[in-house]
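Asker: Take this structure first; my questions come after.
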Amino acid sequence: MTILVTGATGSVGRLVVDELLAAGVSVRALTVDPARAALPAEAEVVVGSLARPSTLPLEGVDAVYLAPMARTVRRFCERAIDAGIKRVVALSGSSVGDDHEGSSGNEYGAVEAAVREAGFAWTFLRPGVFMNNTLDWAGMVRAGEVTVAYGDATQTPIDLGDIAAVAARVLTTEGHVGQTYVLSGPEAISLRGQVATLESVLGKEIRFRELTRAEQRAQWVGYGVPEPVVDWLLDGFEETLRHPQVPTGVVEELLGRPGTTYASWVAARRDVFA
């Protein structure tokens, strides 16, 4: 079996490459710049981009790990069908179905619809919020104070490595066709709780100061985040004040091991936060 990994240098795709190679699978890793990609020698590194489906080397591929790119997904589907590919595992998101103007669910939903309608043997992976999002706090953590809005917003952040491990598992084992897996981390934790965990694991004092919604909004807009996206993000935090998220348990079920806790994730990234 040869599996094409699109987005092979992306935050999840790069880890999918490693997981598949560790499982002994033949991997064709897609990148626009092989010299800079630094992909493993065991992978067949190929030049191409989902942004330009005509560049995709699909001949001889049995299955595809599909990174989300709504703009070109239908053209990808056409080319993959022509190449005889039948199996697609698509990275999506738990925001599918949220029709807010700024929601990431709009793009994820478009990808899922195209893949489903093309007739592939599909599996959709819908992770929620990433633990990696708090890497944006690194400067504040080093300075000793984290300032964010909605400190008690409770979510179930997931490690990217667990998403990649699930992707590799469903690509290489039976019983997952037609399944949509909503993925979460193993614990519900608030933003304030994440700061407390950083403080405990790193062994340093980190103050927490809660911003108002207006202050957070102005900050993100100032960073260049589109206003509809900012409003959608803030609405999401507010929603988890009223309805805290609950772990889905899907990662544990599929992998047969515990999911990565936020504390373990922080401990593996001391060099970033210290």
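Ligands are numbered from 1 in the order shown, residues from 1 within each chain, and chains are lettered A, B, ... in the order they appear in the structure tokens.
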Would you pick out the contacts of region 137-152 of chain A at 8 Å or less, using only C-alpha atoms, so that residues sharing its chain but fewer than 5 positions from it are not included, and give the list as a ChimeraX atom specification?
Answerer: /A:190-193,195,204-213,215-216,237-238,241,272-274
Asker: Any chance you can output those residues with N, CA and C atoms as an mmCIF file, in the first residue's frame?
Answerer:
data_model
loop_
_atom_site.group_PDB
_atom_site.id
_atom_site.type_symbol
_atom_site.label_atom_id
_atom_site.label_comp_id
_atom_site.auth_asym_id
_atom_site.auth_seq_id
_atom_site.Cartn_x
_atom_site.Cartn_y
_atom_site.Cartn_z
ATOM 1 N N SER A 190 -9.859 24.504 31.694
ATOM 2 C CA SER A 190 -10.120 25.902 31.369
ATOM 3 C C SER A 190 -8.837 26.598 30.946
ATOM 4 N N LEU A 191 -8.975 27.777 30.361
ATOM 5 C CA LEU A 191 -7.787 28.556 30.022
ATOM 6 C C LEU A 191 -7.005 28.892 31.280
ATOM 7 N N ARG A 192 -7.715 29.236 32.346
ATOM 8 C CA ARG A 192 -7.053 29.508 33.620
ATOM 9 C C ARG A 192 -6.337 28.254 34.128
ATOM 10 N N GLY A 193 -6.972 27.108 33.937
ATOM 11 C CA GLY A 193 -6.362 25.850 34.341
ATOM 12 C C GLY A 193 -5.124 25.518 33.528
ATOM 13 N N VAL A 195 -3.048 27.745 32.356
ATOM 14 C CA VAL A 195 -1.984 28.591 32.912
ATOM 15 C C VAL A 195 -1.463 27.994 34.217
ATOM 16 N N LYS A 204 7.542 27.759 37.762
ATOM 17 C CA LYS A 204 7.741 29.200 37.870
ATOM 18 C C LYS A 204 6.404 29.881 38.084
ATOM 19 N N GLU A 205 6.445 31.044 38.706
ATOM 20 C CA GLU A 205 5.213 31.778 38.938
ATOM 21 C C GLU A 205 4.721 32.406 37.635
ATOM 22 N N ILE A 206 3.468 32.169 37.315
ATOM 23 C CA ILE A 206 2.849 32.761 36.125
ATOM 24 C C ILE A 206 1.511 33.359 36.556
ATOM 25 N N ARG A 207 1.421 34.640 36.520
ATOM 26 C CA ARG A 207 0.167 35.296 36.890
ATOM 27 C C ARG A 207 -0.853 35.152 35.763
ATOM 28 N N PHE A 208 -2.112 35.181 36.154
ATOM 29 C CA PHE A 208 -3.189 35.146 35.170
ATOM 30 C C PHE A 208 -3.997 36.431 35.298
ATOM 31 N N ARG A 209 -4.168 37.132 34.179
ATOM 32 C CA ARG A 209 -4.986 38.349 34.194
ATOM 33 C C ARG A 209 -6.022 38.231 33.082
ATOM 34 N N GLU A 210 -7.282 38.336 33.470
ATOM 35 C CA GLU A 210 -8.360 38.141 32.511
ATOM 36 C C GLU A 210 -8.694 39.439 31.790
ATOM 37 N N LEU A 211 -8.706 39.372 30.469
ATOM 38 C CA LEU A 211 -9.108 40.510 29.654
ATOM 39 C C LEU A 211 -10.620 40.525 29.498
ATOM 40 N N THR A 212 -11.166 41.677 29.223
ATOM 41 C CA THR A 212 -12.562 41.750 28.828
ATOM 42 C C THR A 212 -12.677 41.271 27.385
ATOM 43 N N ARG A 213 -13.895 40.955 26.989
ATOM 44 C CA ARG A 213 -14.118 40.564 25.597
ATOM 45 C C ARG A 213 -13.654 41.674 24.659
ATOM 46 N N GLU A 215 -11.391 43.986 25.120
ATOM 47 C CA GLU A 215 -9.927 44.079 25.095
ATOM 48 C C GLU A 215 -9.319 42.981 24.232
ATOM 49 N N GLN A 216 -9.827 41.742 24.388
ATOM 50 C CA GLN A 216 -9.306 40.634 23.579
ATOM 51 C C GLN A 216 -9.610 40.844 22.108
ATOM 52 N N PHE A 237 -15.589 30.674 23.019
ATOM 53 C CA PHE A 237 -15.160 30.677 24.418
ATOM 54 C C PHE A 237 -16.351 30.934 25.339
ATOM 55 N N GLU A 238 -17.180 31.888 24.964
ATOM 56 C CA GLU A 238 -18.346 32.212 25.780
ATOM 57 C C GLU A 238 -19.296 31.010 25.889
ATOM 58 N N LEU A 241 -18.279 28.568 28.496
ATOM 59 C CA LEU A 241 -18.589 28.971 29.868
ATOM 60 C C LEU A 241 -19.940 28.383 30.278
ATOM 61 N N VAL A 272 10.368 25.709 24.766
ATOM 62 C CA VAL A 272 9.598 26.784 24.128
ATOM 63 C C VAL A 272 9.150 27.795 25.173
ATOM 64 N N PHE A 273 8.701 27.290 26.325
ATOM 65 C CA PHE A 273 8.117 28.170 27.322
ATOM 66 C C PHE A 273 9.133 28.696 28.339
ATOM 67 N N ALA A 274 10.249 28.015 28.486
ATOM 68 C CA ALA A 274 11.199 28.373 29.545
ATOM 69 C C ALA A 274 12.024 29.602 29.158
#
Asker: List the spatial neighbours of region 71-83 of chain A as a ChimeraX atom specification - criterion: any atom at most 8 Å away, only C-alpha atoms, same-chain residues fewer than 2 positions off excluded.
Answerer: /A:50-54,58-59,68-69,85-86,111,114-115,118
Asker: Within region 131-223 of chain A, find each residue whose DSSP state, derived from the backbone, is alpha helix (DSSP H), and express the selection as a VMD selection string.
Answerer: chain A and resid 138 to 143 160 to 172 191 to 202 213 to 222
Asker: Got a sec to tell me which of region 2-230 of chain A DSSP assigns to strand (DSSP E or B), as number ranges by chain?
Answerer: A: 2-5, 26-31, 44-47, 49, 52, 63-66, 87-91, 121-127, 130, 145-149, 154-155, 158, 179-183, 189-190, 207-211
Asker: Restricted to N, CA and C atoms, what would the selected residues look like written as a compact mmCIF listing (two decimals), in the first residue's frame?
Answerer:
# COMPACT_ATOMS: atom_id res chain seq x y z
N THR A 2 0.54 2.19 -0.88
CA THR A 2 1.19 3.50 -0.89
C THR A 2 0.17 4.56 -0.51
N ILE A 3 0.51 5.36 0.50
CA ILE A 3 -0.38 6.40 0.96
C ILE A 3 0.24 7.76 0.66
N LEU A 4 -0.53 8.60 -0.03
CA LEU A 4 -0.11 9.97 -0.29
C LEU A 4 -0.50 10.83 0.90
N VAL A 5 0.47 11.51 1.48
CA VAL A 5 0.20 12.43 2.58
C VAL A 5 0.30 13.85 2.01
N SER A 26 4.37 2.37 2.99
CA SER A 26 5.03 3.17 1.95
C SER A 26 4.34 4.53 1.87
N VAL A 27 5.13 5.59 2.08
CA VAL A 27 4.58 6.94 2.17
C VAL A 27 5.10 7.79 1.02
N ARG A 28 4.18 8.45 0.33
CA ARG A 28 4.50 9.46 -0.66
C ARG A 28 4.15 10.81 -0.04
N ALA A 29 5.17 11.61 0.26
CA ALA A 29 4.98 12.85 1.01
C ALA A 29 5.02 14.05 0.08
N LEU A 30 3.96 14.82 0.09
CA LEU A 30 3.80 15.94 -0.83
C LEU A 30 4.35 17.23 -0.22
N THR A 31 5.17 17.94 -0.99
CA THR A 31 5.73 19.20 -0.55
C THR A 31 6.03 20.07 -1.76
N GLU A 44 8.95 8.65 0.18
CA GLU A 44 9.10 9.09 -1.21
C GLU A 44 8.63 10.55 -1.26
N VAL A 45 9.56 11.47 -1.34
CA VAL A 45 9.22 12.89 -1.31
C VAL A 45 8.93 13.35 -2.74
N VAL A 46 7.75 13.93 -2.93
CA VAL A 46 7.33 14.36 -4.26
C VAL A 46 6.93 15.83 -4.23
N VAL A 47 7.09 16.47 -5.38
CA VAL A 47 6.78 17.90 -5.50
C VAL A 47 5.35 18.08 -5.98
N SER A 49 1.33 20.43 -4.89
CA SER A 49 0.58 21.22 -3.92
C SER A 49 -0.92 21.00 -4.11
N ARG A 52 -2.67 23.43 -6.23
CA ARG A 52 -2.64 23.23 -7.68
C ARG A 52 -2.81 21.74 -7.96
N ALA A 63 -4.26 5.22 -1.19
CA ALA A 63 -5.08 5.99 -0.25
C ALA A 63 -4.44 7.35 -0.05
N VAL A 64 -5.24 8.29 0.43
CA VAL A 64 -4.77 9.67 0.62
C VAL A 64 -5.14 10.17 2.01
N TYR A 65 -4.17 10.76 2.68
CA TYR A 65 -4.45 11.60 3.85
C TYR A 65 -4.62 13.00 3.29
N LEU A 66 -5.82 13.56 3.44
CA LEU A 66 -6.16 14.82 2.79
C LEU A 66 -6.20 15.96 3.78
N ARG A 87 -9.70 5.39 -1.46
CA ARG A 87 -9.71 5.61 -0.01
C ARG A 87 -9.17 6.99 0.33
N VAL A 88 -9.92 7.77 1.10
CA VAL A 88 -9.49 9.11 1.53
C VAL A 88 -9.84 9.28 3.01
N VAL A 89 -8.83 9.68 3.77
CA VAL A 89 -9.04 10.10 5.16
C VAL A 89 -8.78 11.59 5.21
N ALA A 90 -9.81 12.36 5.53
CA ALA A 90 -9.72 13.82 5.46
C ALA A 90 -9.69 14.43 6.85
N LEU A 91 -8.73 15.32 7.05
CA LEU A 91 -8.68 16.11 8.28
C LEU A 91 -9.74 17.20 8.18
N ALA A 121 -14.24 5.86 -0.42
CA ALA A 121 -14.38 5.21 0.88
C ALA A 121 -13.73 6.17 1.88
N TRP A 122 -14.54 6.96 2.56
CA TRP A 122 -14.02 8.09 3.32
C TRP A 122 -14.09 7.86 4.83
N THR A 123 -13.19 8.58 5.53
CA THR A 123 -13.26 8.75 6.97
C THR A 123 -12.93 10.20 7.26
N PHE A 124 -13.70 10.83 8.14
CA PHE A 124 -13.46 12.22 8.50
C PHE A 124 -12.99 12.31 9.95
N LEU A 125 -11.93 13.06 10.16
CA LEU A 125 -11.39 13.30 11.50
C LEU A 125 -11.72 14.73 11.90
N ARG A 126 -12.46 14.88 12.99
CA ARG A 126 -12.89 16.21 13.43
C ARG A 126 -12.32 16.54 14.81
N PRO A 127 -11.06 16.95 14.87
CA PRO A 127 -10.52 17.38 16.16
C PRO A 127 -11.07 18.74 16.57
N PHE A 130 -6.66 22.77 19.43
CA PHE A 130 -5.33 22.17 19.54
C PHE A 130 -4.59 22.69 20.78
N GLU A 145 3.32 36.46 32.96
CA GLU A 145 1.91 36.81 33.06
C GLU A 145 1.20 36.50 31.75
N VAL A 146 0.10 35.74 31.84
CA VAL A 146 -0.72 35.41 30.68
C VAL A 146 -2.01 36.22 30.78
N THR A 147 -2.35 36.93 29.71
CA THR A 147 -3.55 37.75 29.69
C THR A 147 -4.45 37.29 28.55
N VAL A 148 -5.62 36.74 28.90
CA VAL A 148 -6.60 36.30 27.91
C VAL A 148 -7.99 36.54 28.46
N ALA A 149 -8.95 36.55 27.55
CA ALA A 149 -10.36 36.66 27.96
C ALA A 149 -10.92 35.28 28.26
N THR A 154 -14.00 26.34 29.30
CA THR A 154 -13.46 24.99 29.48
C THR A 154 -13.59 24.19 28.20
N GLN A 155 -12.44 23.77 27.68
CA GLN A 155 -12.37 23.03 26.43
C GLN A 155 -11.62 21.72 26.63
N ILE A 158 -6.44 19.03 22.26
CA ILE A 158 -5.84 17.77 21.82
C ILE A 158 -4.44 18.01 21.29
N GLN A 179 -16.97 6.52 8.62
CA GLN A 179 -17.02 6.98 10.00
C GLN A 179 -16.55 8.44 10.11
N THR A 180 -17.20 9.17 10.99
CA THR A 180 -16.78 10.53 11.35
C THR A 180 -16.37 10.50 12.81
N TYR A 181 -15.10 10.78 13.07
CA TYR A 181 -14.57 10.70 14.43
C TYR A 181 -14.32 12.10 14.98
N VAL A 182 -15.03 12.43 16.06
CA VAL A 182 -14.83 13.70 16.74
C VAL A 182 -13.76 13.48 17.81
N LEU A 183 -12.63 14.13 17.66
CA LEU A 183 -11.46 13.87 18.49
C LEU A 183 -11.26 14.97 19.53
N ILE A 189 -10.34 21.25 30.46
CA ILE A 189 -9.49 22.17 31.21
C ILE A 189 -9.78 23.59 30.75
N SER A 190 -9.86 24.50 31.69
CA SER A 190 -10.12 25.90 31.37
C SER A 190 -8.84 26.60 30.95
N ARG A 207 1.42 34.64 36.52
CA ARG A 207 0.17 35.30 36.89
C ARG A 207 -0.85 35.15 35.76
N PHE A 208 -2.11 35.18 36.15
CA PHE A 208 -3.19 35.15 35.17
C PHE A 208 -4.00 36.43 35.30
N ARG A 209 -4.17 37.13 34.18
CA ARG A 209 -4.99 38.35 34.19
C ARG A 209 -6.02 38.23 33.08
N GLU A 210 -7.28 38.34 33.47
CA GLU A 210 -8.36 38.14 32.51
C GLU A 210 -8.69 39.44 31.79
N LEU A 211 -8.71 39.37 30.47
CA LEU A 211 -9.11 40.51 29.65
C LEU A 211 -10.62 40.53 29.50
Asker: Near Asn106 (chain A), counting only C-alpha atoms, which residues have an atom at most 9 Å away, once you skip same-chain residues fewer than 4 positions from it, shown as an mmCIF file with all heavy atoms, in the first residue's frame?
Answerer:
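result.cif, freshly written:
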data_model
loop_
_atom_site.group_PDB
_atom_site.id
_atom_site.type_symbol
_atom_site.label_atom_id
_atom_site.label_comp_id
_atom_site.auth_asym_id
_atom_site.auth_seq_id
_atom_site.Cartn_x
_atom_site.Cartn_y
_atom_site.Cartn_z
ATOM 1 N N ALA A 70 -10.479 23.827 0.972
ATOM 2 C CA ALA A 70 -11.793 23.849 0.320
ATOM 3 C C ALA A 70 -11.739 24.393 -1.094
ATOM 4 O O ALA A 70 -12.482 23.941 -1.976
ATOM 5 C CB ALA A 70 -12.766 24.674 1.163
ATOM 6 N N SER A 95 -15.889 21.942 14.234
ATOM 7 C CA SER A 95 -16.736 23.101 13.951
ATOM 8 C C SER A 95 -17.656 22.892 12.751
ATOM 9 O O SER A 95 -18.443 23.787 12.410
ATOM 10 C CB SER A 95 -15.869 24.337 13.706
ATOM 11 O OG SER A 95 -14.908 24.087 12.689
ATOM 12 N N VAL A 96 -17.592 21.734 12.090
ATOM 13 C CA VAL A 96 -18.492 21.462 10.966
ATOM 14 C C VAL A 96 -19.941 21.597 11.443
ATOM 15 O O VAL A 96 -20.312 21.069 12.495
ATOM 16 C CB VAL A 96 -18.256 20.054 10.390
ATOM 17 C CG1 VAL A 96 -19.346 19.685 9.399
ATOM 18 C CG2 VAL A 96 -16.899 19.983 9.712
ATOM 19 N N GLY A 97 -20.740 22.312 10.668
ATOM 20 C CA GLY A 97 -22.130 22.535 11.040
ATOM 21 C C GLY A 97 -22.376 23.877 11.679
ATOM 22 O O GLY A 97 -23.520 24.320 11.798
ATOM 23 N N ASP A 98 -21.299 24.545 12.091
ATOM 24 C CA ASP A 98 -21.408 25.897 12.646
ATOM 25 C C ASP A 98 -21.350 26.863 11.465
ATOM 26 O O ASP A 98 -20.307 27.014 10.825
ATOM 27 C CB ASP A 98 -20.248 26.142 13.612
ATOM 28 C CG ASP A 98 -20.249 27.530 14.231
ATOM 29 O OD1 ASP A 98 -21.052 28.383 13.787
ATOM 30 O OD2 ASP A 98 -19.444 27.764 15.150
ATOM 31 N N ASP A 99 -22.462 27.523 11.179
ATOM 32 C CA ASP A 99 -22.525 28.354 9.980
ATOM 33 C C ASP A 99 -22.223 29.826 10.245
ATOM 34 O O ASP A 99 -22.531 30.681 9.411
ATOM 35 C CB ASP A 99 -23.888 28.209 9.291
ATOM 36 C CG ASP A 99 -25.050 28.596 10.207
ATOM 37 O OD1 ASP A 99 -24.786 29.026 11.348
ATOM 38 O OD2 ASP A 99 -26.207 28.472 9.783
ATOM 39 N N HIS A 100 -21.607 30.136 11.374
ATOM 40 C CA HIS A 100 -21.163 31.511 11.640
ATOM 41 C C HIS A 100 -20.243 31.965 10.504
ATOM 42 O O HIS A 100 -19.445 31.178 9.981
ATOM 43 C CB HIS A 100 -20.419 31.545 12.971
ATOM 44 C CG HIS A 100 -20.065 32.919 13.464
ATOM 45 N ND1 HIS A 100 -19.107 33.705 12.862
ATOM 46 C CD2 HIS A 100 -20.538 33.647 14.509
ATOM 47 C CE1 HIS A 100 -18.994 34.842 13.521
ATOM 48 N NE2 HIS A 100 -19.846 34.835 14.521
ATOM 49 N N GLU A 101 -20.337 33.208 10.141
ATOM 50 C CA GLU A 101 -19.547 33.740 9.031
ATOM 51 C C GLU A 101 -18.054 33.478 9.189
ATOM 52 O O GLU A 101 -17.336 33.226 8.217
ATOM 53 C CB GLU A 101 -19.800 35.246 8.910
ATOM 54 C CG GLU A 101 -19.018 35.923 7.791
ATOM 55 C CD GLU A 101 -19.185 37.435 7.811
ATOM 56 O OE1 GLU A 101 -19.897 37.952 8.698
ATOM 57 O OE2 GLU A 101 -18.589 38.105 6.930
ATOM 58 N N GLY A 102 -17.560 33.547 10.411
ATOM 59 C CA GLY A 102 -16.122 33.388 10.641
ATOM 60 C C GLY A 102 -15.690 31.990 11.004
ATOM 61 O O GLY A 102 -14.515 31.760 11.294
ATOM 62 N N ALA A 110 -17.129 22.060 3.515
ATOM 63 C CA ALA A 110 -16.995 21.988 2.061
ATOM 64 C C ALA A 110 -16.093 20.834 1.648
ATOM 65 O O ALA A 110 -16.357 20.139 0.649
ATOM 66 C CB ALA A 110 -16.446 23.308 1.528
ATOM 67 N N VAL A 111 -15.034 20.603 2.407
ATOM 68 C CA VAL A 111 -14.132 19.483 2.111
ATOM 69 C C VAL A 111 -14.870 18.160 2.287
ATOM 70 O O VAL A 111 -14.807 17.268 1.425
ATOM 71 C CB VAL A 111 -12.883 19.545 3.008
ATOM 72 C CG1 VAL A 111 -12.067 18.247 2.892
ATOM 73 C CG2 VAL A 111 -12.018 20.740 2.643
#
Asker: In Å, with one decimal, what is the gap from CA of Ala37 (chain A) to CA of Leu160 (chain A)?
Answerer: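 Atom-to-atom, CA of Ala37 (chain A) and CA of Leu160 (chain A) are spaced 18.5 Å apart.
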Asker: If we count only C-alpha atoms and set the cut-off at 9 Å, which residues sit around Asn132 (chain A), ignoring sequence neighbours fewer than 2 positions away in its own chain? Please answer as a VMD selection string.
Answerer: chain A and resid 129 to 130 134 to 136 157 to 160 265
Asker: With all heavy atoms retained, write the just-selected residues as a PDB file, in the first residue's frame.
Answerer:
ATOM      1  N   VAL A 129     -10.133  21.976  19.586  1.00  0.00           N
ATOM      2  CA  VAL A 129      -9.059  22.938  19.772  1.00  0.00           C
ATOM      3  C   VAL A 129      -7.723  22.212  19.985  1.00  0.00           C
ATOM      4  O   VAL A 129      -7.662  21.157  20.616  1.00  0.00           O
ATOM      5  CB  VAL A 129      -9.380  23.873  20.961  1.00  0.00           C
ATOM      6  CG1 VAL A 129      -9.453  23.102  22.271  1.00  0.00           C
ATOM      7  CG2 VAL A 129      -8.364  25.000  21.056  1.00  0.00           C
ATOM      8  N   PHE A 130      -6.658  22.769  19.431  1.00  0.00           N
ATOM      9  CA  PHE A 130      -5.326  22.168  19.538  1.00  0.00           C
ATOM     10  C   PHE A 130      -4.589  22.688  20.776  1.00  0.00           C
ATOM     11  O   PHE A 130      -4.630  23.889  21.079  1.00  0.00           O
ATOM     12  CB  PHE A 130      -4.471  22.524  18.315  1.00  0.00           C
ATOM     13  CG  PHE A 130      -4.963  21.988  17.001  1.00  0.00           C
ATOM     14  CD1 PHE A 130      -4.463  22.512  15.818  1.00  0.00           C
ATOM     15  CD2 PHE A 130      -5.908  20.978  16.931  1.00  0.00           C
ATOM     16  CE1 PHE A 130      -4.902  22.041  14.593  1.00  0.00           C
ATOM     17  CE2 PHE A 130      -6.352  20.492  15.709  1.00  0.00           C
ATOM     18  CZ  PHE A 130      -5.838  21.032  14.542  1.00  0.00           C
ATOM     19  N   THR A 134      -1.729  27.202  22.436  1.00  0.00           N
ATOM     20  CA  THR A 134      -1.153  27.953  23.545  1.00  0.00           C
ATOM     21  C   THR A 134       0.343  28.218  23.373  1.00  0.00           C
ATOM     22  O   THR A 134       0.947  28.876  24.217  1.00  0.00           O
ATOM     23  CB  THR A 134      -1.414  27.253  24.892  1.00  0.00           C
ATOM     24  OG1 THR A 134      -0.994  25.894  24.825  1.00  0.00           O
ATOM     25  CG2 THR A 134      -2.887  27.305  25.245  1.00  0.00           C
ATOM     26  N   LEU A 135       0.924  27.736  22.276  1.00  0.00           N
ATOM     27  CA  LEU A 135       2.287  28.191  21.959  1.00  0.00           C
ATOM     28  C   LEU A 135       2.302  29.702  21.740  1.00  0.00           C
ATOM     29  O   LEU A 135       3.342  30.341  21.917  1.00  0.00           O
ATOM     30  CB  LEU A 135       2.805  27.468  20.715  1.00  0.00           C
ATOM     31  CG  LEU A 135       3.079  25.967  20.867  1.00  0.00           C
ATOM     32  CD1 LEU A 135       3.474  25.363  19.526  1.00  0.00           C
ATOM     33  CD2 LEU A 135       4.158  25.706  21.908  1.00  0.00           C
ATOM     34  N   ASP A 136       1.146  30.256  21.372  1.00  0.00           N
ATOM     35  CA  ASP A 136       1.054  31.711  21.217  1.00  0.00           C
ATOM     36  C   ASP A 136       1.267  32.437  22.539  1.00  0.00           C
ATOM     37  O   ASP A 136       1.512  33.645  22.556  1.00  0.00           O
ATOM     38  CB  ASP A 136      -0.311  32.105  20.643  1.00  0.00           C
ATOM     39  CG  ASP A 136      -0.501  31.660  19.203  1.00  0.00           C
ATOM     40  OD1 ASP A 136       0.510  31.378  18.531  1.00  0.00           O
ATOM     41  OD2 ASP A 136      -1.664  31.591  18.746  1.00  0.00           O
ATOM     42  N   PRO A 157      -8.603  20.424  24.801  1.00  0.00           N
ATOM     43  CA  PRO A 157      -7.543  20.538  23.792  1.00  0.00           C
ATOM     44  C   PRO A 157      -6.851  19.203  23.528  1.00  0.00           C
ATOM     45  O   PRO A 157      -6.675  18.379  24.425  1.00  0.00           O
ATOM     46  CB  PRO A 157      -6.583  21.558  24.409  1.00  0.00           C
ATOM     47  CG  PRO A 157      -6.863  21.525  25.876  1.00  0.00           C
ATOM     48  CD  PRO A 157      -8.325  21.224  25.998  1.00  0.00           C
ATOM     49  N   ILE A 158      -6.445  19.027  22.264  1.00  0.00           N
ATOM     50  CA  ILE A 158      -5.844  17.770  21.820  1.00  0.00           C
ATOM     51  C   ILE A 158      -4.442  18.006  21.291  1.00  0.00           C
ATOM     52  O   ILE A 158      -4.151  19.036  20.677  1.00  0.00           O
ATOM     53  CB  ILE A 158      -6.741  17.096  20.748  1.00  0.00           C
ATOM     54  CG1 ILE A 158      -6.208  15.708  20.367  1.00  0.00           C
ATOM     55  CG2 ILE A 158      -6.890  17.984  19.507  1.00  0.00           C
ATOM     56  CD1 ILE A 158      -7.173  14.902  19.502  1.00  0.00           C
ATOM     57  N   ASP A 159      -3.580  17.040  21.536  1.00  0.00           N
ATOM     58  CA  ASP A 159      -2.210  17.064  21.019  1.00  0.00           C
ATOM     59  C   ASP A 159      -2.225  16.681  19.536  1.00  0.00           C
ATOM     60  O   ASP A 159      -2.900  15.723  19.139  1.00  0.00           O
ATOM     61  CB  ASP A 159      -1.362  16.079  21.823  1.00  0.00           C
ATOM     62  CG  ASP A 159       0.076  15.993  21.347  1.00  0.00           C
ATOM     63  OD1 ASP A 159       0.553  16.936  20.703  1.00  0.00           O
ATOM     64  OD2 ASP A 159       0.715  14.956  21.623  1.00  0.00           O
ATOM     65  N   LEU A 160      -1.480  17.405  18.723  1.00  0.00           N
ATOM     66  CA  LEU A 160      -1.412  17.093  17.294  1.00  0.00           C
ATOM     67  C   LEU A 160      -0.914  15.671  17.047  1.00  0.00           C
ATOM     68  O   LEU A 160      -1.320  15.015  16.083  1.00  0.00           O
ATOM     69  CB  LEU A 160      -0.501  18.087  16.578  1.00  0.00           C
ATOM     70  CG  LEU A 160      -0.890  19.564  16.625  1.00  0.00           C
ATOM     71  CD1 LEU A 160       0.107  20.392  15.828  1.00  0.00           C
ATOM     72  CD2 LEU A 160      -2.296  19.779  16.113  1.00  0.00           C
ATOM     73  N   TRP A 265       2.013  17.432  27.502  1.00  0.00           N
ATOM     74  CA  TRP A 265       2.333  18.237  26.328  1.00  0.00           C
ATOM     75  C   TRP A 265       3.252  19.396  26.705  1.00  0.00           C
ATOM     76  O   TRP A 265       4.240  19.664  26.013  1.00  0.00           O
ATOM     77  CB  TRP A 265       1.048  18.752  25.700  1.00  0.00           C
ATOM     78  CG  TRP A 265       1.236  19.614  24.501  1.00  0.00           C
ATOM     79  CD1 TRP A 265       1.364  19.209  23.201  1.00  0.00           C
ATOM     80  CD2 TRP A 265       1.324  21.047  24.476  1.00  0.00           C
ATOM     81  NE1 TRP A 265       1.540  20.295  22.373  1.00  0.00           N
ATOM     82  CE2 TRP A 265       1.515  21.435  23.128  1.00  0.00           C
ATOM     83  CE3 TRP A 265       1.257  22.026  25.463  1.00  0.00           C
ATOM     84  CZ2 TRP A 265       1.642  22.762  22.751  1.00  0.00           C
ATOM     85  CZ3 TRP A 265       1.389  23.355  25.084  1.00  0.00           C
ATOM     86  CH2 TRP A 265       1.573  23.720  23.744  1.00  0.00           C
TER      87      TRP A 265
END
Asker: Kindly give the distance, in Å, that separates CA of Glu174 (chain A) and CA of Leu254 (chain A), rounded to a single decimal.
Answerer: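 Going from CA of Glu174 (chain A) over to CA of Leu254 (chain A) covers 11.6 Å.
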Asker: Which one is closest to Pro186 (chain A): A:Arg270, A:Arg116, A:Arg217, A:Arg257? Count only C-alpha atoms.
Answerer: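 Of the candidates, the smallest distance to Pro186 (chain A) is held by A:Arg257.
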Asker: Would you mind telling me which residue in A:Ser11, A:Trp232, A:Ser94, A:Asp271 lies nearest to Asn133 (chain A) when using only C-alpha atoms?
Answerer: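 Among A:Ser11, A:Trp232, A:Ser94, A:Asp271, it is A:Ser11 that comes nearest to Asn133 (chain A).
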Asker: Excluding Thr197 (chain A) and its own-chain neighbours fewer than 4 positions away, which residues fall within 9 Å of it when counting only C-alpha atoms? Please give them as a PyMOL selection string.
Answerer: chain A and resi 192-193+201-202+262-263+266
Asker: Between A:Ala267, A:Gly236, A:Asp62, A:Pro228, which residue has the minimum interatomic distance to Gly203 (chain A), considering only C-alpha atoms?
Answerer: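 Nearest to Gly203 (chain A): A:Ala267.
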